[in-house]
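**Q** This is protein-v7.tsv, which holds TSV, C-alpha atoms and all ligand atoms:
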```tsv
chain	number	residue	atom	x	y	z
V	54	MET	CA	19.69	-26.17	-16.46
V	55	SER	CA	18.81	-29.21	-18.59
V	56	SER	CA	21.71	-31.26	-19.96
V	57	LYS	CA	19.44	-32.52	-22.69
V	58	GLN	CA	19.56	-31.21	-26.21
V	59	SER	CA	16.64	-29.19	-27.52
V	60	ILE	CA	14.71	-30.11	-30.65
V	61	GLN	CA	12.06	-28.08	-32.38
V	62	PHE	CA	9.97	-30.04	-34.88
V	63	ILE	CA	8.43	-27.89	-37.59
V	64	VAL	CA	5.52	-29.56	-39.37
V	65	ASN	CA	4.21	-28.45	-42.73
V	66	PRO	CA	0.64	-29.76	-42.59
V	67	ILE	CA	0.14	-29.48	-46.35
V	68	SER	CA	3.30	-31.23	-47.55
V	69	GLY	CA	2.96	-34.57	-49.28
V	70	THR	CA	-0.38	-36.27	-49.34
V	71	HIS	CA	-0.63	-37.82	-45.87
V	72	GLY	CA	-1.80	-36.43	-42.54
V	73	LYS	CA	0.90	-35.68	-40.01
V	74	GLU	CA	-0.85	-36.72	-36.78
V	75	PHE	CA	0.55	-40.23	-37.03
V	76	ILE	CA	4.09	-38.87	-37.21
V	77	LEU	CA	3.54	-36.67	-34.16
V	78	HIS	CA	2.31	-39.76	-32.34
V	79	LEU	CA	5.46	-41.68	-33.38
V	80	ILE	CA	7.69	-38.85	-32.17
V	81	ASP	CA	5.97	-38.91	-28.83
V	82	LYS	CA	6.47	-42.66	-28.65
V	83	HIS	CA	10.01	-43.10	-30.01
V	84	ILE	CA	12.07	-39.98	-29.48
V	85	ASP	CA	14.90	-40.53	-26.98
V	86	ARG	CA	13.72	-38.54	-23.96
V	87	ASN	CA	16.96	-39.11	-22.11
V	88	ARG	CA	18.70	-37.21	-24.83
V	89	TYR	CA	16.19	-34.67	-26.05
V	90	ASP	CA	13.58	-32.16	-24.93
V	91	TYR	CA	11.31	-31.27	-27.79
V	92	ILE	CA	8.55	-28.98	-28.91
V	93	ILE	CA	6.40	-29.12	-32.03
V	94	ARG	CA	5.32	-26.17	-34.16
V	95	LYS	CA	2.99	-26.26	-37.16
V	96	THR	CA	3.36	-23.88	-40.07
V	97	GLU	CA	0.41	-21.67	-40.82
V	98	TYR	CA	1.51	-20.18	-44.13
V	99	ALA	CA	4.27	-20.37	-46.72
V	100	GLY	CA	7.42	-18.81	-45.26
V	101	HIS	CA	6.41	-19.56	-41.68
V	102	ALA	CA	8.89	-22.45	-41.36
V	103	SER	CA	11.72	-20.02	-42.15
V	104	GLU	CA	10.58	-17.63	-39.42
V	105	LEU	CA	10.21	-20.39	-36.85
V	106	ALA	CA	13.61	-21.85	-37.68
V	107	ARG	CA	15.32	-18.45	-37.54
V	108	ARG	CA	13.87	-17.82	-34.10
V	109	ALA	CA	14.86	-21.32	-32.97
V	110	ALA	CA	18.46	-20.72	-34.06
V	111	GLU	CA	18.53	-17.36	-32.27
V	112	GLU	CA	17.34	-19.14	-29.15
V	113	LYS	CA	20.23	-21.62	-29.56
V	114	THR	CA	17.98	-24.61	-30.18
V	115	ASP	CA	20.26	-27.58	-30.90
V	116	ILE	CA	18.21	-29.17	-33.68
V	117	VAL	CA	15.33	-28.06	-35.88
V	118	VAL	CA	13.58	-30.93	-37.64
V	119	ALA	CA	11.71	-30.39	-40.89
V	120	ILE	CA	8.60	-32.54	-41.19
V	121	GLY	CA	7.81	-31.88	-44.82
V	122	GLY	CA	9.23	-31.98	-48.31
V	123	ASP	CA	12.10	-30.22	-50.04
V	124	GLY	CA	10.22	-26.89	-49.98
V	125	THR	CA	9.94	-27.00	-46.20
V	126	ILE	CA	13.52	-28.19	-45.91
V	127	ASN	CA	14.60	-25.25	-48.03
V	128	GLU	CA	12.74	-22.81	-45.80
V	129	ILE	CA	14.24	-24.26	-42.65
V	130	GLY	CA	17.71	-24.87	-44.05
V	131	ARG	CA	18.12	-21.31	-45.23
V	132	SER	CA	17.47	-20.05	-41.70
V	133	LEU	CA	20.00	-22.45	-40.19
V	134	ILE	CA	22.97	-21.93	-42.52
V	135	HIS	CA	26.08	-20.79	-40.67
V	136	THR	CA	24.46	-21.30	-37.27
V	137	ASP	CA	25.19	-23.96	-34.64
V	138	THR	CA	21.68	-25.37	-35.01
V	139	ALA	CA	21.54	-28.63	-36.98
V	140	MET	CA	18.70	-29.59	-39.29
V	141	GLY	CA	16.97	-32.95	-39.00
V	142	ILE	CA	14.49	-34.33	-41.51
V	143	ILE	CA	11.42	-36.51	-41.26
V	144	PRO	CA	10.70	-36.82	-44.98
V	145	CYS	CA	7.08	-36.14	-45.92
V	146	GLY	CA	7.26	-34.64	-49.37
V	147	SER	CA	6.53	-36.05	-52.75
V	148	GLY	CA	10.19	-36.35	-53.74
V	149	ASN	CA	12.45	-35.99	-50.71
V	150	GLY	CA	15.62	-35.47	-52.73
V	151	LEU	CA	17.85	-34.23	-49.92
V	152	ALA	CA	16.70	-36.87	-47.42
V	153	ARG	CA	17.25	-39.62	-49.96
V	154	HIS	CA	20.73	-38.38	-50.80
V	155	LEU	CA	21.56	-38.33	-47.10
V	156	HIS	CA	20.19	-41.89	-46.73
V	157	ILE	CA	17.68	-40.76	-44.14
V	158	PRO	CA	15.05	-43.50	-43.92
V	159	MET	CA	11.79	-42.72	-45.70
V	160	THR	CA	9.74	-44.15	-42.86
V	161	PRO	CA	8.96	-41.75	-40.00
V	162	HIS	CA	10.06	-44.34	-37.45
V	163	GLY	CA	13.42	-44.80	-39.20
V	164	ALA	CA	13.91	-41.05	-39.48
V	165	ILE	CA	13.23	-40.66	-35.75
V	166	GLU	CA	15.82	-43.36	-35.03
V	167	THR	CA	18.31	-41.34	-37.08
V	168	LEU	CA	17.57	-38.36	-34.84
V	169	ASN	CA	18.10	-40.54	-31.78
V	170	GLN	CA	21.53	-41.57	-33.11
V	171	GLY	CA	22.26	-37.86	-33.42
V	172	PHE	CA	25.15	-37.98	-35.90
V	173	ILE	CA	25.82	-34.52	-37.30
V	174	LYS	CA	27.56	-33.77	-40.58
V	175	ASP	CA	28.36	-30.50	-42.32
V	176	ILE	CA	27.07	-30.23	-45.86
V	177	ASP	CA	27.38	-27.73	-48.70
V	178	TYR	CA	24.54	-25.61	-49.94
V	179	GLY	CA	24.05	-23.57	-53.08
V	180	ILE	CA	22.83	-20.10	-53.91
V	181	ILE	CA	21.08	-19.13	-57.13
V	182	ASP	CA	20.33	-15.46	-57.60
V	183	HIS	CA	20.51	-14.93	-53.80
V	184	HIS	CA	18.21	-17.91	-53.04
V	185	PRO	CA	19.76	-20.76	-51.07
V	186	PHE	CA	19.14	-24.31	-52.29
V	187	PHE	CA	20.17	-27.63	-50.85
V	188	CYS	CA	19.20	-30.16	-53.50
V	189	THR	CA	19.06	-28.79	-57.06
V	190	CYS	CA	18.28	-25.62	-58.92
V	191	GLY	CA	18.13	-24.84	-62.58
V	192	VAL	CA	16.67	-23.34	-65.69
V	193	GLY	CA	14.83	-24.72	-68.67
V	194	PHE	CA	12.19	-27.37	-68.74
V	195	ASP	CA	12.07	-28.35	-65.08
V	196	ALA	CA	11.92	-24.73	-63.93
V	197	PHE	CA	9.11	-24.21	-66.41
V	198	VAL	CA	7.25	-27.21	-65.03
V	199	SER	CA	7.75	-26.08	-61.43
V	200	LEU	CA	6.03	-22.84	-62.39
V	201	LYS	CA	3.18	-24.63	-64.12
V	202	PHE	CA	2.75	-26.86	-61.14
V	203	ALA	CA	2.72	-23.97	-58.69
V	204	ASP	CA	-0.10	-22.45	-60.75
V	205	SER	CA	-2.08	-25.65	-61.03
V	206	GLY	CA	-3.76	-25.24	-57.65
V	207	LYS	CA	-3.60	-28.90	-56.67
V	208	ARG	CA	-0.76	-31.00	-55.45
V	209	GLY	CA	0.27	-34.55	-56.04
V	210	LEU	CA	2.54	-36.52	-58.25
V	211	LEU	CA	-0.08	-37.32	-60.84
V	212	THR	CA	-0.73	-33.63	-61.39
V	213	TYR	CA	2.96	-33.07	-61.70
V	214	LEU	CA	3.38	-35.92	-64.13
V	215	GLU	CA	0.45	-34.69	-66.16
V	216	ASN	CA	1.89	-31.20	-66.37
V	217	THR	CA	5.29	-32.56	-67.23
V	218	LEU	CA	4.06	-34.72	-70.05
V	219	HIS	CA	1.75	-32.19	-71.59
V	220	GLU	CA	4.19	-29.34	-71.45
V	221	SER	CA	7.11	-31.35	-72.82
V	222	LEU	CA	5.22	-31.71	-76.09
V	223	THR	CA	5.59	-28.04	-76.83
V	224	TYR	CA	8.63	-27.01	-74.82
V	225	ARG	CA	11.46	-25.63	-76.94
V	226	PRO	CA	15.12	-25.81	-75.88
V	227	GLU	CA	16.80	-22.45	-75.35
V	228	THR	CA	20.29	-21.13	-75.88
V	229	TYR	CA	22.33	-20.44	-72.76
V	230	GLU	CA	25.86	-19.33	-72.09
V	231	ILE	CA	27.61	-20.72	-69.05
V	232	GLU	CA	30.41	-18.57	-67.71
V	233	ASN	CA	33.02	-19.91	-65.33
V	234	SER	CA	36.42	-18.65	-64.24
V	235	SER	CA	38.04	-19.76	-67.49
V	236	GLY	CA	35.53	-18.44	-70.02
V	237	THR	CA	32.08	-18.80	-71.53
V	238	VAL	CA	30.58	-21.71	-73.47
V	239	LYS	CA	27.30	-21.65	-75.39
V	240	TYR	CA	24.80	-24.51	-75.14
V	241	LYS	CA	21.41	-25.17	-76.62
V	242	ALA	CA	19.67	-26.99	-73.81
V	243	PHE	CA	16.38	-28.51	-72.79
V	244	LEU	CA	17.40	-27.96	-69.19
V	245	ILE	CA	20.39	-27.05	-67.08
V	246	ALA	CA	20.40	-28.55	-63.60
V	247	CYS	CA	22.86	-27.33	-60.96
V	248	ALA	CA	23.08	-30.02	-58.33
V	249	ASN	CA	24.27	-29.99	-54.77
V	250	ALA	CA	22.55	-33.33	-54.12
V	251	SER	CA	22.52	-36.03	-56.77
V	252	GLN	CA	18.81	-36.35	-57.32
V	253	TYR	CA	15.67	-34.33	-57.90
V	254	GLY	CA	13.87	-36.69	-55.57
V	255	ASN	CA	12.14	-40.03	-56.08
V	256	ASN	CA	15.51	-41.51	-56.98
V	257	ALA	CA	15.65	-39.56	-60.24
V	258	TYR	CA	19.42	-39.00	-60.40
V	259	ILE	CA	19.97	-35.93	-62.54
V	260	ALA	CA	23.58	-35.57	-61.31
V	261	PRO	CA	24.67	-39.01	-60.13
V	262	GLN	CA	28.21	-37.96	-59.19
V	263	ALA	CA	27.15	-35.02	-56.99
V	264	SER	CA	28.50	-34.89	-53.46
V	265	LEU	CA	27.12	-32.81	-50.58
V	266	THR	CA	30.55	-32.27	-49.12
V	267	ASP	CA	32.97	-31.60	-52.00
V	268	GLY	CA	32.41	-27.85	-52.22
V	269	MET	CA	31.41	-28.19	-55.87
V	270	MET	CA	28.18	-28.27	-57.83
V	271	ASP	CA	27.54	-30.81	-60.56
V	272	ILE	CA	25.99	-29.22	-63.61
V	273	THR	CA	23.97	-31.40	-65.96
V	274	ILE	CA	23.10	-29.94	-69.34
V	275	LEU	CA	20.50	-31.85	-71.33
V	276	GLU	CA	20.91	-30.88	-74.96
V	277	PRO	CA	18.08	-31.22	-77.50
V	278	PHE	CA	17.11	-34.84	-77.98
V	279	THR	CA	14.78	-36.89	-80.12
V	280	VAL	CA	12.14	-39.41	-79.28
V	281	LEU	CA	14.70	-42.13	-79.90
V	282	ASP	CA	16.73	-40.89	-76.93
V	283	VAL	CA	13.84	-40.99	-74.47
V	284	PRO	CA	14.01	-44.64	-73.35
V	285	ALA	CA	17.74	-44.48	-72.63
V	286	LEU	CA	17.48	-41.11	-70.89
V	287	SER	CA	14.59	-42.30	-68.73
V	288	PHE	CA	16.37	-45.52	-67.81
V	289	GLN	CA	19.64	-43.76	-67.08
V	290	LEU	CA	17.92	-41.13	-64.94
V	291	PHE	CA	16.93	-43.86	-62.50
V	292	ASN	CA	20.00	-46.02	-63.06
V	293	LYS	CA	22.39	-43.27	-61.91
V	294	THR	CA	24.06	-43.20	-65.33
V	295	ILE	CA	22.47	-40.25	-67.09
V	296	ASP	CA	25.88	-38.57	-67.18
V	297	GLN	CA	26.92	-41.23	-69.70
V	298	ASN	CA	24.26	-40.29	-72.26
V	299	SER	CA	25.56	-38.55	-75.38
V	300	ARG	CA	22.88	-35.83	-75.06
V	301	ILE	CA	24.22	-34.89	-71.64
V	302	LYS	CA	27.12	-32.58	-70.89
V	303	THR	CA	28.42	-32.35	-67.35
V	304	LEU	CA	30.52	-29.77	-65.55
V	305	LYS	CA	31.80	-29.49	-62.00
V	306	GLU	CA	32.14	-25.91	-60.81
V	307	LYS	CA	32.15	-23.85	-57.67
V	308	LYS	CA	30.54	-20.85	-59.29
V	309	ILE	CA	28.95	-20.12	-62.66
V	310	ILE	CA	26.87	-17.43	-64.28
V	311	ILE	CA	24.10	-18.61	-66.58
V	312	HIS	CA	23.33	-16.08	-69.28
V	313	ARG	CA	20.07	-16.42	-71.18
V	314	ARG	CA	18.39	-14.33	-73.83
V	315	ASN	CA	15.41	-13.31	-71.74
V	316	GLU	CA	14.48	-13.04	-68.13
V	317	GLY	CA	12.30	-15.87	-66.94
V	318	VAL	CA	11.73	-18.62	-64.47
V	319	PHE	CA	14.32	-20.65	-62.59
V	320	HIS	CA	13.72	-23.09	-59.79
V	321	PHE	CA	15.42	-23.76	-56.49
V	322	ASP	CA	14.62	-27.05	-54.78
V	323	GLY	CA	11.62	-27.30	-57.08
V	324	ASP	CA	10.06	-23.94	-56.24
V	325	PRO	CA	9.75	-21.50	-59.15
V	326	MET	CA	11.06	-17.95	-59.10
V	327	MET	CA	11.29	-15.28	-61.75
V	328	GLY	CA	14.81	-14.06	-62.45
V	329	GLY	CA	16.81	-11.91	-64.80
V	330	LYS	CA	18.83	-12.81	-67.85
V	331	ASP	CA	21.95	-13.49	-65.81
V	332	LEU	CA	21.83	-15.93	-62.92
V	333	THR	CA	24.77	-16.48	-60.60
V	334	VAL	CA	24.92	-19.94	-59.06
V	335	GLU	CA	27.50	-20.95	-56.49
V	336	ILE	CA	28.21	-23.54	-53.84
V	337	ILE	CA	29.08	-22.65	-50.27
V	338	HIS	CA	31.21	-25.33	-48.66
V	339	ARG	CA	29.90	-27.00	-45.51
V	340	GLY	CA	27.56	-24.23	-44.44
V	341	LEU	CA	24.79	-26.35	-42.90
V	342	LYS	CA	24.77	-28.95	-40.15
V	343	VAL	CA	22.43	-31.89	-40.74
V	344	ILE	CA	21.53	-35.02	-38.82
V	345	ALA	CA	21.91	-38.09	-41.00
V	346	PRO	CA	22.92	-41.73	-40.68
V	347	GLU	CA	26.63	-42.01	-39.98
V	348	LYS	CA	27.58	-44.51	-42.63
V	349	GLY	CA	25.27	-44.40	-45.59
V	350	ARG	CA	22.24	-46.59	-45.44
V	351	THR	CA	21.36	-48.29	-42.23
V	352	TYR	CA	19.52	-50.97	-44.18
V	353	THR	CA	20.19	-52.55	-47.55
V	354	GLU	CA	17.78	-52.03	-50.35
V	355	PRO	CA	18.24	-54.04	-53.54
V	356	PHE	CA	18.78	-51.55	-56.36
V	357	SER	CA	16.06	-51.73	-58.96
V	358	VAL	CA	15.40	-49.30	-61.74
V	359	LEU	CA	11.85	-50.59	-61.99
V	360	GLN	CA	11.34	-49.93	-58.30
V	361	HIS	CA	12.74	-46.44	-58.68
V	362	PHE	CA	10.43	-45.74	-61.58
V	363	THR	CA	7.50	-47.05	-59.57
V	364	ASP	CA	8.52	-44.81	-56.67
V	365	PHE	CA	8.55	-42.00	-59.11
V	366	ILE	CA	5.11	-42.46	-60.55
V	367	GLY	CA	3.49	-43.65	-57.34
V	368	THR	CA	2.86	-46.81	-55.44
V	369	ARG	CA	-0.43	-47.97	-56.91
V	370	PRO	CA	-0.36	-51.15	-58.96
V	371	LEU	CA	-0.13	-50.60	-62.71
V	372	THR	CA	-3.40	-52.41	-63.25
V	373	SER	CA	-5.73	-49.71	-62.04
V	374	THR	CA	-7.44	-46.85	-63.79
V	375	ILE	CA	-4.57	-44.70	-62.65
V	376	ALA	CA	-2.21	-46.99	-64.49
V	377	GLU	CA	-4.32	-46.61	-67.62
V	378	LYS	CA	-4.06	-42.86	-67.24
V	379	HIS	CA	-0.32	-43.14	-66.85
V	380	ARG	CA	-0.12	-45.24	-69.97
V	381	LYS	CA	-2.03	-42.67	-72.01
V	382	LEU	CA	0.14	-39.91	-70.71
V	383	LEU	CA	3.25	-41.89	-71.41
V	384	GLN	CA	2.09	-42.41	-74.98
V	385	LEU	CA	1.50	-38.71	-75.32
V	386	ASN	CA	4.87	-37.87	-74.03
V	387	GLN	CA	7.83	-38.19	-76.24
V	388	ASN	CA	10.09	-36.13	-74.12
V	389	LEU	CA	9.64	-37.33	-70.58
V	390	LEU	CA	12.61	-37.34	-68.47
V	391	ARG	CA	12.82	-35.15	-65.57
V	392	ARG	CA	13.02	-34.78	-62.01
V	393	LEU	CA	9.96	-35.90	-60.52
V	394	SER	CA	10.31	-34.86	-57.04
V	395	LYS	CA	8.33	-31.91	-56.74
V	396	LYS	CA	5.88	-31.78	-57.46
G	1	LIG	N1	0.67	-23.97	-43.54
G	1	LIG	C1	1.01	-23.76	-44.82
G	1	LIG	N2	0.11	-23.32	-45.71
G	1	LIG	C2	0.43	-23.13	-47.01
G	1	LIG	N3	1.66	-23.38	-47.53
G	1	LIG	C3	2.59	-23.82	-46.67
G	1	LIG	C4	2.33	-24.04	-45.30
G	1	LIG	N4	3.46	-24.49	-44.71
G	1	LIG	C5	4.39	-24.54	-45.68
G	1	LIG	N5	3.88	-24.16	-46.87
G	1	LIG	C6	4.54	-24.15	-48.19
G	1	LIG	O1	4.30	-25.41	-48.80
G	1	LIG	C7	5.29	-25.60	-49.80
G	1	LIG	C8	5.42	-27.05	-50.17
G	1	LIG	O2	5.91	-27.78	-49.10
G	1	LIG	P1	6.87	-29.03	-49.24
G	1	LIG	O3	7.84	-28.82	-50.32
G	1	LIG	O4	7.37	-29.34	-47.91
G	1	LIG	O5	5.87	-30.18	-49.64
G	1	LIG	P2	5.72	-30.97	-50.96
G	1	LIG	O6	5.68	-30.01	-52.09
G	1	LIG	O7	4.56	-31.86	-50.82
G	1	LIG	O8	7.04	-31.84	-50.95
G	1	LIG	P3	8.21	-32.02	-52.01
G	1	LIG	O9	8.91	-30.70	-52.05
G	1	LIG	O10	9.11	-33.09	-51.59
G	1	LIG	O11	7.50	-32.39	-53.24
G	1	LIG	C9	6.54	-24.99	-49.21
G	1	LIG	O12	7.26	-24.31	-50.21
G	1	LIG	C10	6.03	-24.04	-48.11
G	1	LIG	O13	6.40	-22.70	-48.35
```
Translate the structure described by the file into structure tokens.
**A**
Amino acid sequence: MSSKQSIQFIVNPISGTHGKEFILHLIDKHIDRNRYDYIIRKTEYAGHASELARRAAEEKTDIVVAIGGDGTINEIGRSLIHTDTAMGIIPCGSGNGLARHLHIPMTPHGAIETLNQGFIKDIDYGIIDHHPFFCTCGVGFDAFVSLKFADSGKRGLLTYLENTLHESLTYRPETYEIENSSGTVKYKAFLIACANASQYGNNAYIAPQASLTDGMMDITILEPFTVLDVPALSFQLFNKTIDQNSRIKTLKEKKIIIHRRNEGVFHFDGDPMMGGKDLTVEIIHRGLKVIAPEKGRTYTEPFSVLQHFTDFIGTRPLTSTIAEKHRKLLQLNQNLLRRLSKK
């Protein structure tokens, strides 16, 4: 019997915008073969990653690695909760919120090195209306946009940005009641984000104080705002200080019920889902094993809001036609803010 640990890599070929062959080549080249035996599986349809991961856990595979974005991570993570199989991540999505929170390097080579180090930590996960999430879930504007994006038929950050900006022009805040163990409070809100991880992705920190190991979720409520609030909100989203904005209310809870007037969409890790008027959201403490760097970042990155914003809108220089398009969209938008990971 082999003393090596077993890894199954699960590749989502459609995640992000880049081909995955290069990553498979890097795995072949850099994975520690003294430590690991590995196999690679490719997903063939939505939901397939969940099936593959469930089977891998049943077969006592030591590690299942998601090669994809937060949607793929969600599929794999939900099959590994409360098992002995740990989840690794080679981030390939458009936002990579969970990987960024865990300080997993964004480069495939760096992420493979993290696997080779093999440090395992137990993290919390959340459940909204019976759907596990690992990063964020919520109702309101970002759930609405996740639905629009899912319907748009094409993927990519520009499409997402376009949808976000256009829809924010007409989106109306709704009234919600949030019930916790001590009572119910009413809020008029543009969005309510329930965060296990601190960011949506792309370093857009919707809940900067969120911890993956405290057994609590950080709830960010964005109340109605005016155009005058947009610059500060946008800056603070990337500066990890949005919780200090006067339009923001924050709560820390283990379990809440969100009551809304009508049934409608919510999102979990950026994927839209239709739900009822009452949505139960709770955090389950340390239910998933993940492989991540042992002590925060393994390299130092100077913190720059401008860089984070650039990450968010893409890496092309702001001198191109794309930049012109961004500028027009930015003019159109008076409400931008938002998550910007998915999609
Ligand atoms: N072979 C496949 N064909 C079609 N859809 C797939 C396939 N494999 C996975 N999917 C679906 O693709 C969706 C999007 O994947 P994922 O979230 O990983 O990529 P992304 O949207 O580019 O990244 P991010 O979530 O970071 O923006 C997942 O929800 C998953 O269900």
**Q** As a tab-separated table (two decimals) with C-alpha atoms, in the frame of the given file, please: the residues near Gly122 of chain V (cut-off 10 Å, only C-alpha atoms, same-chain neighbours under 5 positions excluded).
**A**
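Heads up, here's the output in around.tsv:
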```tsv
chain	number	residue	atom	x	y	z
V	64	VAL	CA	5.52	-29.56	-39.37
V	65	ASN	CA	4.21	-28.45	-42.73
V	67	ILE	CA	0.14	-29.48	-46.35
V	68	SER	CA	3.30	-31.23	-47.55
V	69	GLY	CA	2.96	-34.57	-49.28
V	127	ASN	CA	14.60	-25.25	-48.03
V	142	ILE	CA	14.49	-34.33	-41.51
V	143	ILE	CA	11.42	-36.51	-41.26
V	144	PRO	CA	10.70	-36.82	-44.98
V	145	CYS	CA	7.08	-36.14	-45.92
V	146	GLY	CA	7.26	-34.64	-49.37
V	147	SER	CA	6.53	-36.05	-52.75
V	148	GLY	CA	10.19	-36.35	-53.74
V	149	ASN	CA	12.45	-35.99	-50.71
V	150	GLY	CA	15.62	-35.47	-52.73
V	151	LEU	CA	17.85	-34.23	-49.92
V	152	ALA	CA	16.70	-36.87	-47.42
V	254	GLY	CA	13.87	-36.69	-55.57
V	322	ASP	CA	14.62	-27.05	-54.78
V	394	SER	CA	10.31	-34.86	-57.04
V	395	LYS	CA	8.33	-31.91	-56.74
V	396	LYS	CA	5.88	-31.78	-57.46
```
**Q** Write out as a short mmCIF file (atom, residue, chain, number, x, y, z; two decimals) with C-alpha atoms, in the frame of the given file which residues come within 6 Å of segment 93-104 of chain V when counting only C-alpha atoms, dropping same-chain ones fewer than 5 positions away.
**A**
```cif
data_model
loop_
_atom_site.label_atom_id
_atom_site.label_comp_id
_atom_site.auth_asym_id
_atom_site.auth_seq_id
_atom_site.Cartn_x
_atom_site.Cartn_y
_atom_site.Cartn_z
CA GLN V 61 12.06 -28.08 -32.38
CA PHE V 62 9.97 -30.04 -34.88
CA ILE V 63 8.43 -27.89 -37.59
CA VAL V 64 5.52 -29.56 -39.37
CA ASN V 65 4.21 -28.45 -42.73
CA GLU V 128 12.74 -22.81 -45.80
CA ILE V 129 14.24 -24.26 -42.65
CA SER V 132 17.47 -20.05 -41.70
#
```
**Q** Given the choices V:His156, V:Arg225, V:Lys82, V:His135, which gets closest to Arg107 of chain V if the distance is worked out from all atoms listed in the file?
**A**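 When distances to Arg107 of chain V are compared using all atoms listed in the file, the smallest one comes from V:His135.
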**Q** Using all atoms listed in the file, can you list as a ChimeraX atom specification the residues within 8 Å of (31.3, -29.3, -52.0)?
**A** /V:176-178,249,264-270,307,336-339
**Q** Between atom O2 of ligand LIG 1 (chain G) and atom CA of Met140 of chain V, measure the distance and give it in Å to one decimal.
**A** 16.2 Å
**Q** With a distance cut-off of 8 Å and all atoms listed in the file, select the neighbouring residues of Leu168 of chain V, excluding the residue or stretch itself and same-chain residues fewer than 3 positions from it, and output the selection as number ranges by chain.
**A** V: 84, 141, 164-165, 171-172, 344-345
**Q** Ranking V:Ile60, V:Tyr224, V:Gln252, V:Asp115 by minimum distance to ligand LIG 1 (chain G) and counting all atoms listed in the file, which one comes first?
**A**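 Closest to ligand LIG 1 (chain G), using all atoms listed in the file: V:Gln252.
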**Q** Pick from V:His154, V:Lys342, V:His312, V:Lys239: nearest to Lys330 of chain V, with all atoms listed in the file counted?
**A**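 Closest candidate: V:His312.
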**Q** Which one is closest to ligand LIG 1 (chain G): V:Glu306, V:Glu230, V:Glu276, V:Asp123? Count all atoms listed in the file.
**A**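 Closest candidate: V:Asp123.
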**Q** Using 3 Å of padding on each side, determine the axis-aligned box around all atoms of ligand LIG 1 (chain G) present in the file and give its centre and edge lengths in Å to one decimal, as AutoDock Vina command-line options.
**A**
```
--center_x 4.6 --center_y -27.9 --center_z -48.4 --size_x 15.0 --size_y 16.4 --size_z 15.7
```
**Q** Provide the atom CA of Gly329 of chain V to atom O5 of ligand LIG 1 (chain G) distance in Å, to one decimal place.
**A**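 Result for atom CA of Gly329 of chain V versus atom O5 of ligand LIG 1 (chain G): 26.1 Å, one decimal.
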**Q** Using only C-alpha atoms and all ligand atoms, which of V:Asn87, V:Gln58, V:Asn255, V:Thr167 sits nearest ligand LIG 1 (chain G)?
**A** V:Asn255
**Q** Expressed in Å to a single decimal, how great is the separation between atom CA of Ile272 of chain V and atom CA of Leu341 of chain V?
**A** 20.9 Å
**Q** Name the residues within 12 Å of (18.7, -41.0, -74.9), counting only C-alpha atoms in the file's coordinates, and put them as a ChimeraX atom specification.
**A** /V:275-290,294-301,387-390
**Q** Restricting it to C-alpha atoms, dump the selection as a tab-separated table (two decimals), in the coordinates of the input.
**A**
```
chain	number	residue	atom	x	y	z
V	275	LEU	CA	20.50	-31.85	-71.33
V	276	GLU	CA	20.91	-30.88	-74.96
V	277	PRO	CA	18.08	-31.22	-77.50
V	278	PHE	CA	17.11	-34.84	-77.98
V	279	THR	CA	14.78	-36.89	-80.12
V	280	VAL	CA	12.14	-39.41	-79.28
V	281	LEU	CA	14.70	-42.13	-79.90
V	282	ASP	CA	16.73	-40.89	-76.93
V	283	VAL	CA	13.84	-40.99	-74.47
V	284	PRO	CA	14.01	-44.64	-73.35
V	285	ALA	CA	17.74	-44.48	-72.63
V	286	LEU	CA	17.48	-41.11	-70.89
V	287	SER	CA	14.59	-42.30	-68.73
V	288	PHE	CA	16.37	-45.52	-67.81
V	289	GLN	CA	19.64	-43.76	-67.08
V	290	LEU	CA	17.92	-41.13	-64.94
V	294	THR	CA	24.06	-43.20	-65.33
V	295	ILE	CA	22.47	-40.25	-67.09
V	296	ASP	CA	25.88	-38.57	-67.18
V	297	GLN	CA	26.92	-41.23	-69.70
V	298	ASN	CA	24.26	-40.29	-72.26
V	299	SER	CA	25.56	-38.55	-75.38
V	300	ARG	CA	22.88	-35.83	-75.06
V	301	ILE	CA	24.22	-34.89	-71.64
V	387	GLN	CA	7.83	-38.19	-76.24
V	388	ASN	CA	10.09	-36.13	-74.12
V	389	LEU	CA	9.64	-37.33	-70.58
V	390	LEU	CA	12.61	-37.34	-68.47
```
